[in-house]
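Engineer: As input, take final-v1.cif (mmCIF, C-alpha atoms and all ligand atoms):
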data_model
loop_
_atom_site.label_atom_id
_atom_site.label_comp_id
_atom_site.auth_asym_id
_atom_site.auth_seq_id
_atom_site.Cartn_x
_atom_site.Cartn_y
_atom_site.Cartn_z
CA MET A 1 -52.84 147.99 -28.87
CA LEU A 2 -49.64 149.31 -27.35
CA ILE A 3 -49.98 150.30 -23.69
CA ASP A 4 -47.82 153.40 -23.45
CA GLY A 5 -46.63 153.58 -19.84
CA LYS A 6 -44.27 156.43 -20.57
CA LYS A 7 -47.07 158.66 -21.84
CA VAL A 8 -49.50 157.67 -19.05
CA SER A 9 -46.84 158.32 -16.40
CA GLN A 10 -46.06 161.76 -17.87
CA ASP A 11 -49.78 162.61 -17.87
CA ARG A 12 -50.16 161.43 -14.27
CA LEU A 13 -47.13 163.43 -13.13
CA GLU A 14 -48.55 166.58 -14.79
CA ILE A 15 -51.86 166.11 -12.98
CA LEU A 16 -50.06 165.39 -9.71
CA LYS A 17 -47.95 168.54 -10.04
CA ARG A 18 -51.12 170.64 -10.32
CA GLU A 19 -52.76 168.82 -7.39
CA ILE A 20 -49.72 169.39 -5.18
CA GLN A 21 -49.64 173.09 -6.11
CA GLU A 22 -53.35 173.48 -5.38
CA SER A 23 -53.09 171.61 -2.07
CA GLY A 24 -50.61 174.07 -0.60
CA LEU A 25 -48.80 171.06 0.91
CA SER A 26 -45.10 170.44 0.70
CA PRO A 27 -44.73 166.63 0.54
CA GLY A 28 -41.33 165.14 1.40
CA LEU A 29 -39.77 161.85 0.26
CA ALA A 30 -36.62 160.26 1.71
CA THR A 31 -34.70 157.62 -0.23
CA VAL A 32 -32.21 155.21 1.34
CA ILE A 33 -29.64 153.46 -0.84
CA VAL A 34 -26.97 151.04 0.33
CA GLY A 35 -23.89 150.42 -1.81
CA GLU A 36 -23.11 151.37 -5.38
CA ASP A 37 -25.22 149.13 -7.58
CA PRO A 38 -25.44 151.20 -10.82
CA ALA A 39 -29.06 150.21 -11.59
CA SER A 40 -30.21 151.12 -8.06
CA GLN A 41 -28.32 154.42 -8.27
CA MET A 42 -30.07 155.17 -11.56
CA TYR A 43 -33.54 154.36 -10.17
CA VAL A 44 -32.95 156.55 -7.12
CA ARG A 45 -31.79 159.40 -9.38
CA MET A 46 -34.95 158.97 -11.46
CA LYS A 47 -37.06 159.17 -8.29
CA HIS A 48 -35.38 162.40 -7.13
CA LYS A 49 -35.81 163.88 -10.61
CA ALA A 50 -39.53 163.00 -10.58
CA CYS A 51 -39.82 164.61 -7.14
CA ASP A 52 -38.28 167.83 -8.52
CA ALA A 53 -40.68 167.76 -11.47
CA VAL A 54 -43.86 167.51 -9.38
CA GLY A 55 -42.89 169.62 -6.39
CA ILE A 56 -41.99 166.97 -3.81
CA ARG A 57 -39.02 167.74 -1.56
CA SER A 58 -36.57 164.87 -1.54
CA VAL A 59 -33.62 163.87 0.59
CA GLY A 60 -31.28 160.98 -0.06
CA VAL A 61 -29.47 158.85 2.49
CA VAL A 62 -26.49 157.11 0.89
CA LEU A 63 -24.86 154.33 2.92
CA GLN A 64 -21.64 152.38 2.32
CA ALA A 65 -22.00 148.81 1.04
CA ASP A 66 -20.54 147.38 4.28
CA VAL A 67 -23.01 149.13 6.61
CA THR A 68 -24.73 146.81 9.15
CA THR A 69 -28.46 146.07 9.31
CA GLU A 70 -28.62 147.89 12.66
CA GLU A 71 -27.09 151.04 11.16
CA VAL A 72 -29.55 151.03 8.25
CA ILE A 73 -32.41 150.62 10.73
CA LYS A 74 -31.12 153.57 12.80
CA HIS A 75 -31.25 155.81 9.72
CA VAL A 76 -34.76 154.58 8.91
CA GLN A 77 -35.90 155.25 12.50
CA SER A 78 -34.61 158.80 12.40
CA LEU A 79 -36.54 159.35 9.12
CA ASN A 80 -39.64 157.88 10.83
CA GLU A 81 -39.33 160.62 13.47
CA ASP A 82 -38.62 163.43 11.01
CA THR A 83 -41.91 165.30 10.55
CA SER A 84 -40.71 166.87 7.27
CA VAL A 85 -40.62 163.38 5.70
CA ASP A 86 -43.95 161.92 4.49
CA GLY A 87 -42.59 158.94 2.60
CA ILE A 88 -39.59 156.65 3.04
CA LEU A 89 -38.28 154.21 0.48
CA VAL A 90 -35.38 151.83 0.85
CA GLN A 91 -34.06 151.02 -2.60
CA LEU A 92 -33.99 147.26 -3.26
CA PRO A 93 -32.18 144.97 -3.55
CA LEU A 94 -30.07 145.52 -0.44
CA PRO A 95 -26.64 143.82 -0.20
CA ASP A 96 -26.82 140.13 0.81
CA HIS A 97 -25.54 140.66 4.37
CA ILE A 98 -28.40 143.05 5.21
CA ASP A 99 -31.61 141.65 6.70
CA THR A 100 -34.02 143.14 4.16
CA GLU A 101 -37.20 142.12 6.04
CA ALA A 102 -35.94 143.76 9.25
CA VAL A 103 -35.19 146.99 7.38
CA ILE A 104 -38.59 147.03 5.66
CA GLU A 105 -40.33 146.37 8.97
CA ALA A 106 -38.44 149.31 10.52
CA VAL A 107 -40.14 151.74 8.11
CA SER A 108 -43.18 153.29 9.75
CA PRO A 109 -46.28 151.82 7.98
CA GLU A 110 -47.62 155.41 7.76
CA LYS A 111 -44.57 156.46 5.69
CA ASP A 112 -44.18 153.21 3.73
CA VAL A 113 -44.87 154.67 0.27
CA ASP A 114 -43.35 151.54 -1.32
CA GLY A 115 -46.15 149.51 0.30
CA PHE A 116 -43.78 146.72 1.36
CA HIS A 117 -44.39 146.80 5.14
CA PRO A 118 -46.25 143.64 6.33
CA GLU A 119 -49.02 145.84 7.75
CA ASN A 120 -49.64 147.40 4.33
CA ILE A 121 -49.27 144.06 2.52
CA GLY A 122 -51.78 142.58 5.00
CA ALA A 123 -54.23 145.41 4.33
CA LEU A 124 -53.90 144.78 0.59
CA PHE A 125 -54.59 141.06 1.00
CA SER A 126 -57.59 141.84 3.22
CA GLY A 127 -59.06 143.85 0.36
CA ARG A 128 -58.56 147.17 2.21
CA PRO A 129 -55.44 148.57 0.52
CA THR A 130 -53.49 151.41 2.10
CA PHE A 131 -50.16 152.04 0.34
CA VAL A 132 -50.00 149.76 -2.70
CA PRO A 133 -46.55 148.61 -3.98
CA CYS A 134 -45.62 150.91 -6.85
CA THR A 135 -45.11 148.48 -9.74
CA PRO A 136 -48.36 146.52 -9.28
CA GLY A 137 -50.18 149.74 -8.42
CA GLY A 138 -48.88 151.32 -11.63
CA ILE A 139 -50.07 148.31 -13.64
CA MET A 140 -53.60 148.66 -12.20
CA THR A 141 -53.52 152.34 -13.25
CA LEU A 142 -52.48 151.36 -16.79
CA LEU A 143 -55.33 148.82 -17.02
CA ASP A 144 -57.77 151.47 -15.82
CA VAL A 145 -56.52 154.16 -18.24
CA TYR A 146 -56.84 151.70 -21.15
CA ASP A 147 -60.35 150.62 -20.04
CA ILE A 148 -59.26 147.07 -19.30
CA ASP A 149 -61.43 145.67 -16.52
CA PRO A 150 -59.94 142.49 -14.99
CA LYS A 151 -63.33 141.46 -13.56
CA GLY A 152 -64.03 137.83 -14.43
CA MET A 153 -60.78 137.45 -16.41
CA ASN A 154 -58.40 134.53 -16.00
CA ALA A 155 -55.32 136.42 -14.84
CA VAL A 156 -51.99 134.63 -14.68
CA VAL A 157 -49.19 136.26 -12.69
CA ILE A 158 -45.79 134.74 -13.36
CA GLY A 159 -43.43 135.28 -10.42
CA ARG A 160 -44.21 135.25 -6.69
CA SER A 161 -41.93 138.02 -5.38
CA VAL A 162 -43.05 140.07 -2.40
CA ASP A 163 -42.63 143.37 -4.29
CA VAL A 164 -44.41 142.44 -7.54
CA GLY A 165 -45.97 138.97 -8.01
CA ARG A 166 -47.82 138.61 -4.71
CA PRO A 167 -49.24 142.16 -4.45
CA MET A 168 -50.14 142.04 -8.16
CA ALA A 169 -52.16 138.89 -7.54
CA ALA A 170 -53.91 140.53 -4.56
CA LEU A 171 -54.81 143.63 -6.60
CA LEU A 172 -56.20 141.53 -9.45
CA LEU A 173 -58.18 139.44 -6.96
CA ASN A 174 -59.53 142.64 -5.39
CA ALA A 175 -60.59 143.62 -8.92
CA ASP A 176 -62.58 140.37 -9.25
CA ALA A 177 -60.21 138.49 -11.57
CA THR A 178 -59.65 134.75 -11.18
CA VAL A 179 -55.97 134.70 -10.35
CA THR A 180 -53.28 132.04 -10.79
CA ILE A 181 -49.77 132.69 -9.49
CA CYS A 182 -47.08 130.71 -11.32
CA HIS A 183 -43.49 130.14 -10.19
CA SER A 184 -40.46 127.97 -10.80
CA LYS A 185 -42.23 124.81 -9.56
CA THR A 186 -45.42 125.30 -11.59
CA LYS A 187 -46.24 122.27 -13.73
CA ASP A 188 -47.06 122.79 -17.43
CA LEU A 189 -46.40 126.54 -17.27
CA PRO A 190 -47.00 127.11 -21.02
CA GLU A 191 -50.39 125.43 -20.70
CA VAL A 192 -51.38 127.61 -17.72
CA ILE A 193 -50.28 130.78 -19.55
CA LYS A 194 -52.22 129.74 -22.65
CA ARG A 195 -55.48 129.81 -20.64
CA ALA A 196 -54.91 133.42 -19.54
CA ASP A 197 -56.94 136.43 -20.64
CA LEU A 198 -54.43 138.62 -18.80
CA ILE A 199 -50.75 137.77 -18.32
CA VAL A 200 -48.45 139.65 -15.95
CA SER A 201 -44.89 138.43 -16.29
CA ALA A 202 -42.38 139.25 -13.55
CA ILE A 203 -39.79 136.50 -13.76
CA GLY A 204 -36.72 138.33 -15.03
CA ARG A 205 -35.87 136.11 -18.01
CA ALA A 206 -35.34 137.74 -21.39
CA HIS A 207 -37.83 136.70 -24.11
CA PHE A 208 -39.25 133.92 -21.89
CA ILE A 209 -42.86 134.40 -22.99
CA THR A 210 -43.18 133.36 -26.62
CA LYS A 211 -46.04 133.67 -29.10
CA GLU A 212 -46.85 129.93 -28.78
CA MET A 213 -47.64 130.35 -25.06
CA VAL A 214 -50.09 133.24 -25.51
CA SER A 215 -53.73 132.91 -26.45
CA PRO A 216 -54.71 135.27 -29.31
CA GLY A 217 -56.36 138.41 -27.89
CA ALA A 218 -54.72 138.11 -24.46
CA ILE A 219 -53.52 141.21 -22.61
CA VAL A 220 -49.80 141.02 -21.85
CA ILE A 221 -48.09 143.08 -19.14
CA ASP A 222 -44.30 142.79 -19.04
CA VAL A 223 -42.58 143.64 -15.74
CA GLY A 224 -39.22 142.13 -16.72
CA ILE A 225 -36.08 144.26 -16.77
CA ASN A 226 -33.45 142.16 -18.53
CA GLN A 227 -30.65 142.48 -21.03
CA ASP A 228 -30.72 140.59 -24.31
CA GLU A 229 -27.70 138.88 -25.89
CA ASN A 230 -26.52 142.29 -27.20
CA GLY A 231 -26.81 143.96 -23.81
CA LYS A 232 -29.99 145.80 -24.84
CA LEU A 233 -32.76 146.37 -22.26
CA CYS A 234 -35.67 143.98 -22.78
CA GLY A 235 -38.57 142.43 -20.90
CA ASP A 236 -39.70 138.84 -20.24
CA VAL A 237 -41.88 138.83 -23.36
CA ASP A 238 -40.74 138.25 -26.92
CA PHE A 239 -42.37 141.55 -27.90
CA ASP A 240 -41.97 141.34 -31.70
CA THR A 241 -43.90 138.09 -32.03
CA VAL A 242 -46.30 138.30 -29.04
CA SER A 243 -47.44 141.81 -30.05
CA THR A 244 -48.82 140.37 -33.30
CA ILE A 245 -51.46 138.35 -31.41
CA ALA A 246 -51.98 140.20 -28.09
CA SER A 247 -54.93 142.58 -27.86
CA ALA A 248 -52.85 144.90 -25.65
CA ILE A 249 -49.21 144.77 -24.60
CA THR A 250 -46.68 146.85 -22.65
CA PRO A 251 -43.23 147.46 -24.15
CA VAL A 252 -39.90 147.43 -22.30
CA PRO A 253 -38.69 150.12 -21.95
CA GLY A 254 -41.61 152.53 -21.80
CA GLY A 255 -44.25 150.27 -20.25
CA VAL A 256 -44.49 149.36 -16.59
CA GLY A 257 -41.18 150.94 -15.42
CA PRO A 258 -42.20 154.61 -15.68
CA MET A 259 -45.47 153.81 -13.88
CA THR A 260 -43.48 152.58 -10.86
CA ILE A 261 -42.06 156.07 -10.38
CA ALA A 262 -45.36 157.87 -11.05
CA THR A 263 -47.11 155.67 -8.46
CA LEU A 264 -44.39 156.38 -5.90
CA MET A 265 -44.98 160.12 -6.38
CA GLU A 266 -48.75 159.61 -5.98
CA ASN A 267 -48.28 157.52 -2.83
CA THR A 268 -46.03 160.23 -1.36
CA PHE A 269 -48.65 162.91 -1.96
CA GLU A 270 -51.33 160.65 -0.42
CA SER A 271 -49.11 160.24 2.62
CA ALA A 272 -48.59 164.01 2.91
CA LYS A 273 -52.36 164.54 2.75
CA LYS A 274 -52.89 162.01 5.56
CA HIS A 275 -50.17 163.64 7.69
CA SER A 276 -51.72 167.09 7.22
CA CYS A 277 -55.04 166.01 8.80
N1 LIG A 301 -37.68 150.21 -3.03
C1 LIG A 301 -37.90 149.75 -4.27
N2 LIG A 301 -36.94 149.09 -4.92
C2 LIG A 301 -37.19 148.63 -6.17
C3 LIG A 301 -38.43 148.88 -6.81
C4 LIG A 301 -39.43 149.56 -6.08
O1 LIG A 301 -40.58 149.78 -6.55
N3 LIG A 301 -39.12 150.00 -4.82
N4 LIG A 301 -38.62 148.52 -8.14
C5 LIG A 301 -37.48 148.11 -8.95
C6 LIG A 301 -36.69 149.20 -9.61
N5 LIG A 301 -37.39 150.46 -9.92
C7 LIG A 301 -37.62 151.32 -8.91
O2 LIG A 301 -37.06 151.29 -7.87
C8 LIG A 301 -37.61 150.88 -11.27
C9 LIG A 301 -37.32 150.06 -12.33
C10 LIG A 301 -37.47 150.51 -13.66
C11 LIG A 301 -37.92 151.80 -13.89
C12 LIG A 301 -38.03 152.36 -15.27
O3 LIG A 301 -38.63 153.40 -15.46
N6 LIG A 301 -37.43 151.72 -16.26
C13 LIG A 301 -37.40 152.24 -17.61
C14 LIG A 301 -36.07 151.91 -18.25
C15 LIG A 301 -34.93 152.58 -17.56
C16 LIG A 301 -33.61 152.15 -18.19
O4 LIG A 301 -33.21 152.81 -19.14
O5 LIG A 301 -33.02 151.15 -17.72
C17 LIG A 301 -38.52 151.59 -18.45
O6 LIG A 301 -38.89 150.45 -18.15
O7 LIG A 301 -38.96 152.25 -19.39
C18 LIG A 301 -38.22 152.60 -12.82
C19 LIG A 301 -38.06 152.16 -11.53
C20 LIG A 301 -36.50 147.32 -8.09
N7 LIG A 301 -36.22 147.98 -6.86
#
Take the structure I supplied and represent it as structure tokens, if you would.
Structural biologist:
Amino acid sequence: MLIDGKKVSQDRLEILKREIQESGLSPGLATVIVGEDPASQMYVRMKHKACDAVGIRSVGVVLQADVTTEEVIKHVQSLNEDTSVDGILVQLPLPDHIDTEAVIEAVSPEKDVDGFHPENIGALFSGRPTFVPCTPGGIMTLLDVYDIDPKGMNAVVIGRSVDVGRPMAALLLNADATVTICHSKTKDLPEVIKRADLIVSAIGRAHFITKEMVSPGAIVIDVGINQDENGKLCGDVDFDTVSTIASAITPVPGGVGPMTIATLMENTFESAKKHSC
């Protein structure tokens, strides 16, 4: 079965648009981008476009690549104080000279619609999630829409990043899966992956997950955004072969990526609802 993230995200955005209209609220999202990385610029454009589509006001702060950490934090603080802004997201990655953790910690936890603030990450790991990071949150929505219940499954998350691997593991644990997080130092990685009922790959290596590593019937979620040898967008999973034995699989493009944006829109509306109380 193909898990169609593009379709699910469109459906979710339609529903959200109606909910926002009916709420009478006027949610606001602020994006912060530093430098001119073309991929980051594209993702931020996609986020503003999604805001327009569902009825979320959006403002963009664009900062030069040589801005200091302190200057970025000042902009974030002024967005924290701006009552017309319900959600703040700082597009990642930031340039190397910027202290990313300090910038993320400067975002008010109440406006942290990316769910990266330590307070929100802590809540997630305590089993009391507040704002959930958008990519793992979007994956949980996909599993739910396709009636895939992780309860009791052996889930293997490949990659231990703060924005995807770790929160993904916490969400799967909260959903009663038995979770293994793999990383560059994991011994016998293919063997660990072979035992998985559910694989979430977020390592960023084109075609890394091959058919031989995957148990027939496993569910395969591909978070990778890579380029193949011809410069074509592809995931971590060798889709053509793995899809012949997986029971369900996400494509790249059109799988997890669009759900990241839909979840960001949903988090922003949730934030606006909280601020209206
Ligand atoms: N502050 C954040 N930074 C980053 C996040 C994030 O959630 N918050 N995630 C990624 C990038 N990202 C959003 O920011 C993102 C990546 C991919 C997609 C997407 O829809 N991809 C499409 C393909 C688009 C293309 O043509 O290249 C797909 O997979 O179908 C959306 C958002 C890192 N930074």
Engineer: Suppose you want the space between CA of Gln10 in chain A and CA of Ala30 in chain A; what is it in Å?
Structural biologist: 21.8 Å
Engineer: Counting only C-alpha atoms, which residues in range 197-252 of chain A sit no more than 12 Å from range 113-137 of chain A? For each one, give the nearest pair of atoms and the distance in Å, sorted by chain then residue number, as a Markdown table.
Structural biologist:
| residue | atom | partner | partner_atom | distance |
| --- | --- | --- | --- | --- |
| A:Val200 | CA | A:Pro136 | CA | 9.6 |
| A:Ser201 | CA | A:Pro136 | CA | 11.3 |
| A:Ala202 | CA | A:Pro136 | CA | 10.3 |
| A:Ile221 | CA | A:Pro136 | CA | 10.4 |
| A:Asp222 | CA | A:Thr135 | CA | 10.9 |
| A:Val223 | CA | A:Thr135 | CA | 8.1 |
| A:Gly224 | CA | A:Thr135 | CA | 11.1 |
Engineer: Could you give me, as a tab-separated table, a per-residue list for chain A showing, wherever an atom lies at most 6 Å from an atom of ligand LIG 301 (chain A), the closest pair of atoms and their distance in Å to one decimal, using only C-alpha atoms and all ligand atoms and sorting by chain then residue number from low to high?
Structural biologist:
residue	atom	partner	partner_atom	distance
A:Tyr43	CA	A:LIG301	O2	5.2
A:Leu89	CA	A:LIG301	N1	5.4
A:Val90	CA	A:LIG301	N1	4.8
A:Gln91	CA	A:LIG301	N1	3.7
A:Leu92	CA	A:LIG301	N2	3.8
A:Asp114	CA	A:LIG301	N3	5.7
A:Cys134	CA	A:LIG301	O1	5.2
A:Thr135	CA	A:LIG301	O1	5.7
A:Val252	CA	A:LIG301	O6	5.2
A:Pro253	CA	A:LIG301	O7	3.3
A:Gly254	CA	A:LIG301	O7	3.6
A:Gly255	CA	A:LIG301	O7	5.7
A:Val256	CA	A:LIG301	O6	5.9
A:Gly257	CA	A:LIG301	C12	3.5
A:Pro258	CA	A:LIG301	O3	3.8
A:Thr260	CA	A:LIG301	C19	5.5
A:Ile261	CA	A:LIG301	C19	5.7
Engineer: Fewer than 6 positions away in the same chain doesn't count, so skip those; otherwise give me all residues within 12 Å of Pro38 in chain A, counting all atoms listed in the file, as a compact mmCIF listing (two decimals) with C-alpha atoms, in the coordinates of the input.
Structural biologist:
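The file below, result-v6.txt, is the result:
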# COMPACT_ATOMS: atom_id res chain seq x y z
CA VAL A 44 -32.95 156.55 -7.12
CA ARG A 45 -31.79 159.40 -9.38
CA GLN A 91 -34.06 151.02 -2.60
CA PRO A 93 -32.18 144.97 -3.55
Engineer: Nearest residue to Ile203 in chain A out of A:Glu81, A:Asp4, A:Asp236, A:Glu14, using all atoms listed in the file?
Structural biologist: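 With all atoms listed in the file as the atom set, the closest residue is A:Asp236.
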Engineer: Considering only C-alpha atoms, return as a list in words whatever protein or nucleic-acid residues lie within 9 Å of Val192 in chain A, sequence-local ones (same chain, fewer than 5 positions apart) excluded.
Structural biologist: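 What passes the distance filter is Val156, Thr180, Cys182, Thr186, Lys187 and Met213 of chain A.
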Engineer: With C-alpha atoms kept, could you save the residues just selected as a compact mmCIF listing (two decimals), in the frame of the given file?
Structural biologist:
# COMPACT_ATOMS: atom_id res chain seq x y z
CA VAL A 156 -51.99 134.63 -14.68
CA THR A 180 -53.28 132.04 -10.79
CA CYS A 182 -47.08 130.71 -11.32
CA THR A 186 -45.42 125.30 -11.59
CA LYS A 187 -46.24 122.27 -13.73
CA MET A 213 -47.64 130.35 -25.06
Engineer: What's around range 64-74 of chain A at 9 Å? Count only C-alpha atoms, leave out sequence neighbours fewer than 2 positions away in its own chain, and write the answer as a PDB file with C-alpha atoms, keeping the file's coordinate frame.
Structural biologist:
ATOM      1  CA  VAL A  32     -32.210 155.210   1.340  1.00  0.00           C
ATOM      2  CA  ILE A  33     -29.640 153.460  -0.840  1.00  0.00           C
ATOM      3  CA  VAL A  34     -26.970 151.040   0.330  1.00  0.00           C
ATOM      4  CA  GLY A  35     -23.890 150.420  -1.810  1.00  0.00           C
ATOM      5  CA  GLU A  36     -23.110 151.370  -5.380  1.00  0.00           C
ATOM      6  CA  VAL A  62     -26.490 157.110   0.890  1.00  0.00           C
ATOM      7  CA  VAL A  76     -34.760 154.580   8.910  1.00  0.00           C
ATOM      8  CA  GLN A  77     -35.900 155.250  12.500  1.00  0.00           C
ATOM      9  CA  SER A  78     -34.610 158.800  12.400  1.00  0.00           C
ATOM     10  CA  LEU A  79     -36.540 159.350   9.120  1.00  0.00           C
ATOM     11  CA  LEU A  94     -30.070 145.520  -0.440  1.00  0.00           C
ATOM     12  CA  PRO A  95     -26.640 143.820  -0.200  1.00  0.00           C
ATOM     13  CA  HIS A  97     -25.540 140.660   4.370  1.00  0.00           C
ATOM     14  CA  ILE A  98     -28.400 143.050   5.210  1.00  0.00           C
ATOM     15  CA  ASP A  99     -31.610 141.650   6.700  1.00  0.00           C
ATOM     16  CA  THR A 100     -34.020 143.140   4.160  1.00  0.00           C
ATOM     17  CA  ALA A 102     -35.940 143.760   9.250  1.00  0.00           C
ATOM     18  CA  VAL A 103     -35.190 146.990   7.380  1.00  0.00           C
ATOM     19  CA  ILE A 104     -38.590 147.030   5.660  1.00  0.00           C
ATOM     20  CA  ALA A 106     -38.440 149.310  10.520  1.00  0.00           C
ATOM     21  CA  VAL A 107     -40.140 151.740   8.110  1.00  0.00           C
TER      22      VAL A 107
END
Engineer: For range 35-51 of chain A, take all atoms listed in the file, fit an axis-aligned box around them, add 4 Å to each of the six sides, then output centre and edge lengths in Å rounded to one decimal, as JSON.
Structural biologist:
{"center_x": -31.5, "center_y": 156.9, "center_z": -6.7, "size_x": 24.7, "size_y": 23.5, "size_z": 17.8}
Engineer: Tell me, in Å to one decimal, how far CA of Glu110 in chain A is from CA of Met42 in chain A.
Structural biologist: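 Calculated distance between CA of Glu110 in chain A and CA of Met42 in chain A is 26.1 Å.
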Engineer: Between A:Gly5, A:Gly152, A:Gly231, A:Pro216, which is the closest to Met259 in chain A once you count all atoms listed in the file?
Structural biologist: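 Closest residue, counting all atoms listed in the file: A:Gly5.
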Engineer: One decimal, in Å: what's the spacing between CA of Leu143 in chain A and CA of Val157 in chain A?
Structural biologist: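 Calculated distance between CA of Leu143 in chain A and CA of Val157 in chain A is 14.6 Å.
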Engineer: Up to 6 Å from (-50.4, 130.8, -24.7) in the file's coordinates: name the residues, counting all atoms listed in the file, as a ChimeraX atom specification.
Structural biologist: /A:193-194,212-215
Engineer: Which is closer to Leu189 in chain A than all the others in A:Ile209, A:Asn230, A:Leu264, A:Ala177, using only C-alpha atoms?
Structural biologist: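 Counting only C-alpha atoms, the residue closest to Leu189 in chain A is A:Ile209.
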Engineer: Taking only C-alpha atoms into account, which of A:Val85, A:Val145, A:Ala155, A:Leu173 comes nearest Leu198 in chain A?
Structural biologist: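 Ranking A:Val85, A:Val145, A:Ala155, A:Leu173 by distance to Leu198 in chain A, first place goes to A:Ala155.
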Engineer: Using only C-alpha atoms, collect all residues at a distance of at most 7 Å from (-52.8, 142.4, -23.6) as written in the file, then present them as a VMD selection string.
Structural biologist: chain A and resid 198 217 to 221 246 to 249
Engineer: Rank nothing, just name the residue among A:Thr268, A:Thr241, A:Thr83, A:Asn154 nearest to Asp112 in chain A, using only C-alpha atoms.
Structural biologist: A:Thr268
